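Participant: Okay, so here is target_1.txt, and as you'll see once you scroll down, it has compact mmCIF, C-alpha atoms.
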# COMPACT_ATOMS: atom_id res chain seq x y z
CA MET V 1 2.33 -34.20 -1.49
CA ARG V 2 -1.32 -33.69 -0.64
CA SER V 3 -2.60 -34.43 2.83
CA ASP V 4 -5.86 -36.16 3.67
CA THR V 5 -8.97 -34.02 3.18
CA ILE V 6 -10.73 -32.97 6.38
CA HIS V 7 -14.41 -32.03 6.21
CA VAL V 8 -15.13 -29.06 8.46
CA THR V 9 -18.20 -27.02 9.37
CA ASN V 10 -18.45 -23.51 10.77
CA GLY V 11 -19.97 -25.11 13.87
CA GLY V 12 -16.49 -26.42 14.68
CA ALA V 13 -16.76 -30.00 13.42
CA GLY V 14 -13.42 -31.17 12.04
CA PHE V 15 -11.39 -28.27 13.47
CA GLY V 16 -9.41 -30.53 15.81
CA LYS V 17 -8.68 -32.94 12.96
CA ALA V 18 -7.51 -30.03 10.76
CA LEU V 19 -5.05 -28.94 13.45
CA GLU V 20 -3.86 -32.53 13.86
CA GLN V 21 -3.41 -32.70 10.10
CA ALA V 22 -1.16 -29.63 10.18
CA GLU V 23 0.93 -31.23 12.93
CA ARG V 24 1.21 -34.52 11.02
CA VAL V 25 2.27 -32.72 7.84
CA ALA V 26 4.88 -30.75 9.78
CA ALA V 27 6.25 -33.97 11.31
CA PHE V 28 6.22 -35.85 8.00
CA LYS V 29 8.05 -33.01 6.23
CA ASP V 30 10.49 -32.69 9.15
CA LEU V 31 9.78 -28.99 9.68
CA THR V 32 11.58 -27.14 12.46
CA GLU V 33 9.64 -26.47 15.65
CA LYS V 34 9.16 -22.83 14.62
CA SER V 35 7.93 -23.75 11.13
CA ALA V 36 5.58 -26.38 12.57
CA MET V 37 4.15 -23.75 14.91
CA HIS V 38 3.64 -21.35 11.99
CA LEU V 39 1.84 -24.04 9.98
CA ARG V 40 -0.45 -24.71 12.94
CA LEU V 41 -1.09 -20.97 13.50
CA LEU V 42 -2.05 -20.52 9.85
CA THR V 43 -4.39 -23.51 10.12
CA GLU V 44 -5.94 -21.94 13.23
CA GLU V 45 -6.42 -18.67 11.33
CA MET V 46 -8.12 -20.56 8.50
CA MET V 47 -10.41 -22.37 10.95
CA GLY V 48 -11.17 -18.97 12.51
CA ILE V 49 -12.29 -17.69 9.12
CA MET V 50 -14.45 -20.79 8.68
CA HIS V 51 -15.99 -20.46 12.15
CA ALA V 52 -17.02 -16.84 11.54
CA LEU V 53 -19.06 -17.60 8.41
CA THR V 54 -22.78 -16.93 8.73
CA GLY V 55 -25.44 -19.62 8.47
CA GLU V 56 -24.53 -23.30 8.24
CA LYS V 57 -21.44 -23.78 6.11
CA GLU V 58 -19.34 -26.82 5.22
CA ALA V 59 -15.96 -26.98 3.53
CA ASP V 60 -13.01 -29.25 2.82
CA PHE V 61 -9.54 -28.56 4.21
CA TRP V 62 -6.23 -30.00 3.07
CA ILE V 63 -2.56 -29.10 2.78
CA ASP V 64 -0.41 -29.38 -0.34
CA ASP V 65 3.32 -28.96 -0.46
CA GLU V 66 5.77 -28.79 -3.30
CA GLU V 67 9.48 -28.08 -2.88
CA GLY V 68 9.02 -26.34 0.47
CA VAL V 69 5.96 -24.30 -0.54
CA PHE V 70 2.95 -25.25 1.57
CA SER V 71 -0.61 -24.41 0.50
CA LEU V 72 -3.47 -24.64 2.99
CA HIS V 73 -6.76 -25.04 1.13
CA LEU V 74 -10.32 -24.42 2.31
CA THR V 75 -12.93 -25.11 -0.37
CA ALA V 76 -16.68 -24.60 -0.10
CA LYS V 77 -19.64 -24.53 -2.47
CA ALA V 78 -21.08 -21.17 -3.53
CA GLU V 79 -24.56 -21.47 -2.07
CA MET V 80 -25.53 -18.02 -0.81
CA ASP V 81 -27.53 -16.02 -3.35
CA SER V 82 -27.44 -12.25 -3.75
CA GLU V 83 -30.73 -11.76 -1.87
CA MET V 84 -29.37 -13.53 1.21
CA ARG V 85 -26.25 -11.40 0.99
CA LYS V 86 -28.32 -8.19 0.88
CA LYS V 87 -30.25 -9.27 3.97
CA LEU V 88 -26.99 -9.84 5.83
CA LEU V 89 -25.66 -6.44 4.86
CA ALA V 90 -28.94 -4.79 5.86
CA VAL V 91 -28.33 -5.81 9.47
CA SER V 92 -25.77 -3.02 9.67
CA GLN V 93 -27.17 0.52 9.87
CA SER V 94 -25.12 1.70 6.94
CA GLY V 95 -25.88 -1.35 4.82
CA LYS V 96 -22.15 -1.88 4.41
CA ASN V 97 -19.86 -4.54 5.75
CA ALA V 98 -18.47 -3.92 9.22
CA ALA V 99 -15.67 -6.49 9.21
CA ARG V 100 -12.61 -5.41 11.17
CA GLY V 101 -9.08 -6.71 10.95
CA VAL V 102 -7.49 -8.66 8.13
CA THR V 103 -8.89 -12.04 9.20
CA GLY V 104 -12.39 -10.57 9.48
CA LYS V 105 -12.11 -9.05 6.04
CA LEU V 106 -10.75 -12.29 4.57
CA ARG V 107 -13.76 -14.08 6.06
CA ASP V 108 -16.07 -11.50 4.55
CA LEU V 109 -14.43 -11.70 1.15
CA PHE V 110 -14.59 -15.51 1.22
CA GLU V 111 -18.28 -15.28 2.09
CA ARG V 112 -18.91 -12.73 -0.65
CA PHE V 113 -17.44 -15.15 -3.16
CA MET V 114 -20.11 -17.64 -2.09
CA ALA V 115 -22.65 -15.21 -3.54
CA PRO V 116 -21.50 -14.84 -7.16
CA GLY V 117 -24.82 -13.23 -8.07
CA ASP V 118 -23.83 -10.33 -5.82
CA MET V 119 -20.44 -9.86 -7.46
CA SER V 120 -19.94 -6.79 -9.58
CA VAL V 121 -17.10 -4.41 -10.16
CA GLY V 122 -17.17 -1.91 -7.31
CA GLN V 123 -18.90 -4.34 -4.93
CA SER V 124 -16.40 -7.10 -5.46
CA LEU V 125 -14.09 -6.80 -2.47
CA ALA V 126 -14.75 -6.55 1.24
CA ALA V 127 -15.19 -3.05 2.61
CA GLY V 128 -11.80 -1.48 3.12
CA PHE V 129 -10.00 -4.04 0.93
CA CYS V 130 -10.05 -2.08 -2.29
CA CYS V 131 -11.29 1.11 -3.81
CA ASP V 132 -14.25 0.96 -6.18
CA ASN V 133 -12.26 1.82 -9.27
CA ILE V 134 -11.02 -0.97 -11.52
CA ASP V 135 -7.37 -1.78 -10.96
CA LEU V 136 -6.28 -4.23 -13.65
CA GLU V 137 -3.18 -5.15 -11.66
CA PHE V 138 -5.37 -6.17 -8.76
CA GLY V 139 -6.50 -9.29 -10.52
CA MET V 140 -10.05 -10.37 -10.38
CA MET V 141 -12.53 -7.63 -10.88
CA HIS V 142 -14.84 -9.77 -13.02
CA PHE V 143 -14.56 -13.04 -11.06
CA MET V 144 -13.97 -15.22 -14.08
CA PRO V 145 -12.87 -18.85 -13.49
CA ASP V 146 -9.28 -19.17 -12.29
CA ASP V 147 -9.13 -15.50 -11.24
CA TYR V 148 -8.44 -14.72 -7.62
CA TRP V 149 -7.93 -12.00 -5.06
CA SER V 150 -4.41 -11.93 -3.59
CA LEU V 151 -3.29 -10.56 -0.21
CA ARG V 152 0.21 -10.03 -1.61
CA ARG V 153 -1.11 -7.81 -4.41
CA TYR V 154 -3.39 -6.01 -1.96
CA SER V 155 -0.42 -5.36 0.34
CA ALA V 156 1.61 -4.05 -2.60
CA SER V 157 -1.21 -1.67 -3.54
CA LEU V 158 -1.23 -0.28 0.02
CA GLU V 159 2.54 0.20 -0.10
CA ARG V 160 2.13 2.26 -3.26
CA ALA V 161 -0.50 4.47 -1.63
CA SER V 162 0.58 8.05 -0.94
CA GLU V 163 -0.30 7.90 2.77
CA PRO V 164 -0.58 4.98 5.21
CA ASP V 165 -4.11 4.32 6.45
CA GLU V 166 -5.93 2.02 8.88
CA ASN V 167 -5.83 -0.81 6.35
CA TRP V 168 -2.03 -0.75 6.43
CA ASP V 169 -2.09 -0.71 10.25
CA GLU V 170 -4.41 -3.73 10.26
CA LEU V 171 -2.13 -5.53 7.83
CA GLU V 172 0.92 -4.94 10.02
CA ARG V 173 -0.89 -6.36 13.07
CA SER V 174 -2.35 -9.39 11.31
CA VAL V 175 -1.02 -12.84 12.18
CA VAL V 176 -1.93 -14.28 8.80
CA ALA V 177 -0.48 -11.32 6.87
CA ASN V 178 2.79 -11.55 8.80
CA LEU V 179 3.17 -15.32 8.55
CA ALA V 180 1.80 -16.13 5.09
CA ASP V 181 3.58 -15.43 1.83
CA ASP V 182 0.20 -14.94 0.20
CA VAL V 183 -3.51 -15.55 0.69
CA ARG V 184 -5.64 -16.12 -2.38
CA ILE V 185 -9.40 -16.29 -2.65
CA GLY V 186 -11.19 -17.20 -5.85
CA ILE V 187 -13.99 -19.04 -7.61
CA LYS V 188 -13.68 -22.01 -9.93
CA GLY V 189 -17.01 -23.31 -11.14
CA ARG V 190 -19.19 -23.58 -8.03
CA ASP V 191 -16.22 -23.94 -5.71
CA VAL V 192 -15.02 -21.01 -3.63
CA GLU V 193 -11.51 -21.48 -2.31
CA ILE V 194 -9.21 -19.70 0.09
CA ILE V 195 -5.56 -20.71 -0.09
CA ILE V 196 -2.90 -19.67 2.41
CA ILE V 197 0.59 -20.03 0.95
CA LYS V 198 3.70 -20.36 3.08
CA ARG V 199 7.29 -21.17 2.05
CA PHE V 200 9.44 -22.89 4.66
Can you give me the file's structure in the form of structure tokens?
Facilitator:
Amino acid sequence: MRSDTIHVTNGGAGFGKALEQAERVAAFKDLTEKSAMHLRLLTEEMMGIMHALTGEKEADFWIDDEEGVFSLHLTAKAEMDSEMRKKLLAVSQSGKNAARGVTGKLRDLFERFMAPGDMSVGQSLAAGFCCDNIDLEFGMMHFMPDDYWSLRRYSASLERASEPDENWDELERSVVANLADDVRIGIKGRDVEIIIIKRF
């Protein structure tokens, strides 16, 4: 089943309708009160990511479900060019991204994907989300169509690390990381999409 598509902007338009959509889906699929609350919280997290995007951004939101696996989709057009991205990064003294927390980094990564001209191996993931070396298991170093970045794979890479670091601490505190089974961000054509996956 696919829900209705809700058009949202980072100015907040459509956010209320997106939350109502999550509640309607939960009711239609007869989810428990706890599961319905989790679906709403994940929708709120996704709207939070949308709200934090720079400039004027628009996207489409909908929910798919298949055999108890729910996918929350947020799809936008890749409009920001590499020069705009450089100007944004230059605001920080170091010239690097200053996103904090998992949701902030997801927002940053989603925004980076809107600037495919700025995508290169070593610059590809949000600061603190990956080392600069190529990790084939990590997925999408070259940002080809149908490739994507995955929170689950990122989490697994942190687990394999020799020592815990602040990224692991952030992951443990994150609402979306604790509730979602996976978060995927990728590019297909000119569409940039973030998908939050949750099995109930």
Participant: Can you find the residues with an atom no farther than 12 Å from (-14.3, -13.6, 5.1), counting all atoms listed in the file, and report them as a ChimeraX atom specification?
Facilitator: /V:45-54,74,97-114,125-127,129,183-186,192-194
Participant: Would you compute an axis-aligned box for region 150-154 of chain V, covering every atom listed for it in the file with 4 Å of margin on each side, and report centre and edge lengths in Å to one decimal as AutoDock Vina command-line options?
Facilitator:
--center_x -2.1 --center_y -9.0 --center_z -2.3 --size_x 12.6 --size_y 13.9 --size_z 12.2
Participant: Please compute the CA of Tyr154 (chain V)-CA of Glu166 (chain V) distance, one decimal, in Å.
Facilitator: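 About the pair CA of Tyr154 (chain V) and CA of Glu166 (chain V): they are 13.7 Å apart.
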Participant: So what do you get for CA of Ala78 (chain V) versus CA of Glu23 (chain V), distance-wise?
Facilitator: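 Taking CA of Ala78 (chain V) and CA of Glu23 (chain V), their separation equals 29.3 Å.
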Participant: Between V:Lys77, V:Arg2, V:Leu151, V:Ala59, single out the one closest to Trp168 (chain V), counting only C-alpha atoms.
Facilitator: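 Closest to Trp168 (chain V) of all the choices is V:Leu151.
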Participant: I'd like the interatomic distance between CA of Phe28 (chain V) and CA of Ile6 (chain V), to a tenth of an Å.
Facilitator: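 Answer for the CA of Phe28 (chain V) to CA of Ile6 (chain V) separation: 17.3 Å.
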Participant: Which is closer to Ser35 (chain V) than all the others in V:Ile197, V:Leu179, V:Ala18, V:Ala76, using only C-alpha atoms?
Facilitator: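 Answer, going by the shortest atom-to-atom distance: V:Leu179.
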Participant: Name the closest residue to Phe15 (chain V) among the candidates V:His38, V:Val69, V:Ala27, V:Trp62; distances are taken between atoms, counting all atoms listed in the file.
Facilitator: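 The answer is V:Trp62, which sits nearest to Phe15 (chain V).
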Participant: Tell me, as a list in words, which residues lie within 9 Å of Ser155 (chain V), counting all atoms listed in the file; anything in the same chain fewer than 5 positions away does not count.
Facilitator: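 Everything that qualifies: Ser150, Arg160, Trp168, Leu171 and Ala177 of chain V.
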Participant: The selected residues should be written to file as an mmCIF file, in the frame of the given file (atoms: C-alpha atoms).
Facilitator:
data_model
loop_
_atom_site.group_PDB
_atom_site.id
_atom_site.type_symbol
_atom_site.label_atom_id
_atom_site.label_comp_id
_atom_site.auth_asym_id
_atom_site.auth_seq_id
_atom_site.Cartn_x
_atom_site.Cartn_y
_atom_site.Cartn_z
ATOM 1 C CA SER V 150 -4.410 -11.930 -3.590
ATOM 2 C CA ARG V 160 2.130 2.260 -3.260
ATOM 3 C CA TRP V 168 -2.030 -0.750 6.430
ATOM 4 C CA LEU V 171 -2.130 -5.530 7.830
ATOM 5 C CA ALA V 177 -0.480 -11.320 6.870
#
Participant: Could you list, as an NGL selection string, every residue within 9 Å of Asp181 (chain V), counting only C-alpha atoms and ignoring same-chain residues fewer than 5 positions away?
Facilitator: :V and (151-152 or 176 or 196-199)
Participant: Taking N, CA and C atoms as the atom set, what does region 30-45 of chain V look like once completed, written as a PDB file, in the coordinates of the input?
Facilitator:
ATOM      1  N   ASP V  30       9.338 -32.983   8.288  1.00  0.00           N
ATOM      2  CA  ASP V  30      10.490 -32.690   9.150  1.00  0.00           C
ATOM      3  C   ASP V  30      10.735 -31.184   9.276  1.00  0.00           C
ATOM      4  N   LEU V  31       9.655 -30.434   9.502  1.00  0.00           N
ATOM      5  CA  LEU V  31       9.780 -28.990   9.680  1.00  0.00           C
ATOM      6  C   LEU V  31      10.385 -28.687  11.053  1.00  0.00           C
ATOM      7  N   THR V  32      11.045 -27.562  11.163  1.00  0.00           N
ATOM      8  CA  THR V  32      11.580 -27.140  12.460  1.00  0.00           C
ATOM      9  C   THR V  32      10.404 -26.850  13.393  1.00  0.00           C
ATOM     10  N   GLU V  33      10.698 -26.751  14.673  1.00  0.00           N
ATOM     11  CA  GLU V  33       9.640 -26.470  15.650  1.00  0.00           C
ATOM     12  C   GLU V  33       8.952 -25.143  15.338  1.00  0.00           C
ATOM     13  N   LYS V  34       9.725 -24.147  14.946  1.00  0.00           N
ATOM     14  CA  LYS V  34       9.160 -22.830  14.620  1.00  0.00           C
ATOM     15  C   LYS V  34       8.261 -22.913  13.387  1.00  0.00           C
ATOM     16  N   SER V  35       8.726 -23.614  12.351  1.00  0.00           N
ATOM     17  CA  SER V  35       7.930 -23.750  11.130  1.00  0.00           C
ATOM     18  C   SER V  35       6.657 -24.535  11.392  1.00  0.00           C
ATOM     19  N   ALA V  36       6.761 -25.590  12.216  1.00  0.00           N
ATOM     20  CA  ALA V  36       5.580 -26.380  12.570  1.00  0.00           C
ATOM     21  C   ALA V  36       4.557 -25.518  13.295  1.00  0.00           C
ATOM     22  N   MET V  37       5.043 -24.652  14.184  1.00  0.00           N
ATOM     23  CA  MET V  37       4.150 -23.750  14.910  1.00  0.00           C
ATOM     24  C   MET V  37       3.471 -22.782  13.943  1.00  0.00           C
ATOM     25  N   HIS V  38       4.221 -22.267  12.962  1.00  0.00           N
ATOM     26  CA  HIS V  38       3.640 -21.350  11.990  1.00  0.00           C
ATOM     27  C   HIS V  38       2.569 -22.049  11.148  1.00  0.00           C
ATOM     28  N   LEU V  39       2.833 -23.297  10.757  1.00  0.00           N
ATOM     29  CA  LEU V  39       1.840 -24.040   9.980  1.00  0.00           C
ATOM     30  C   LEU V  39       0.565 -24.241  10.793  1.00  0.00           C
ATOM     31  N   ARG V  40       0.716 -24.538  12.075  1.00  0.00           N
ATOM     32  CA  ARG V  40      -0.450 -24.710  12.940  1.00  0.00           C
ATOM     33  C   ARG V  40      -1.189 -23.383  13.119  1.00  0.00           C
ATOM     34  N   LEU V  41      -0.451 -22.288  13.330  1.00  0.00           N
ATOM     35  CA  LEU V  41      -1.090 -20.970  13.500  1.00  0.00           C
ATOM     36  C   LEU V  41      -1.887 -20.583  12.255  1.00  0.00           C
ATOM     37  N   LEU V  42      -1.341 -20.847  11.081  1.00  0.00           N
ATOM     38  CA  LEU V  42      -2.050 -20.520   9.850  1.00  0.00           C
ATOM     39  C   LEU V  42      -3.301 -21.392   9.702  1.00  0.00           C
ATOM     40  N   THR V  43      -3.209 -22.643  10.127  1.00  0.00           N
ATOM     41  CA  THR V  43      -4.390 -23.510  10.120  1.00  0.00           C
ATOM     42  C   THR V  43      -5.442 -22.977  11.077  1.00  0.00           C
ATOM     43  N   GLU V  44      -5.003 -22.531  12.260  1.00  0.00           N
ATOM     44  CA  GLU V  44      -5.940 -21.940  13.230  1.00  0.00           C
ATOM     45  C   GLU V  44      -6.613 -20.704  12.645  1.00  0.00           C
ATOM     46  N   GLU V  45      -5.844 -19.863  11.952  1.00  0.00           N
ATOM     47  CA  GLU V  45      -6.420 -18.670  11.330  1.00  0.00           C
ATOM     48  C   GLU V  45      -7.477 -19.064  10.290  1.00  0.00           C
TER      49      GLU V  45
END
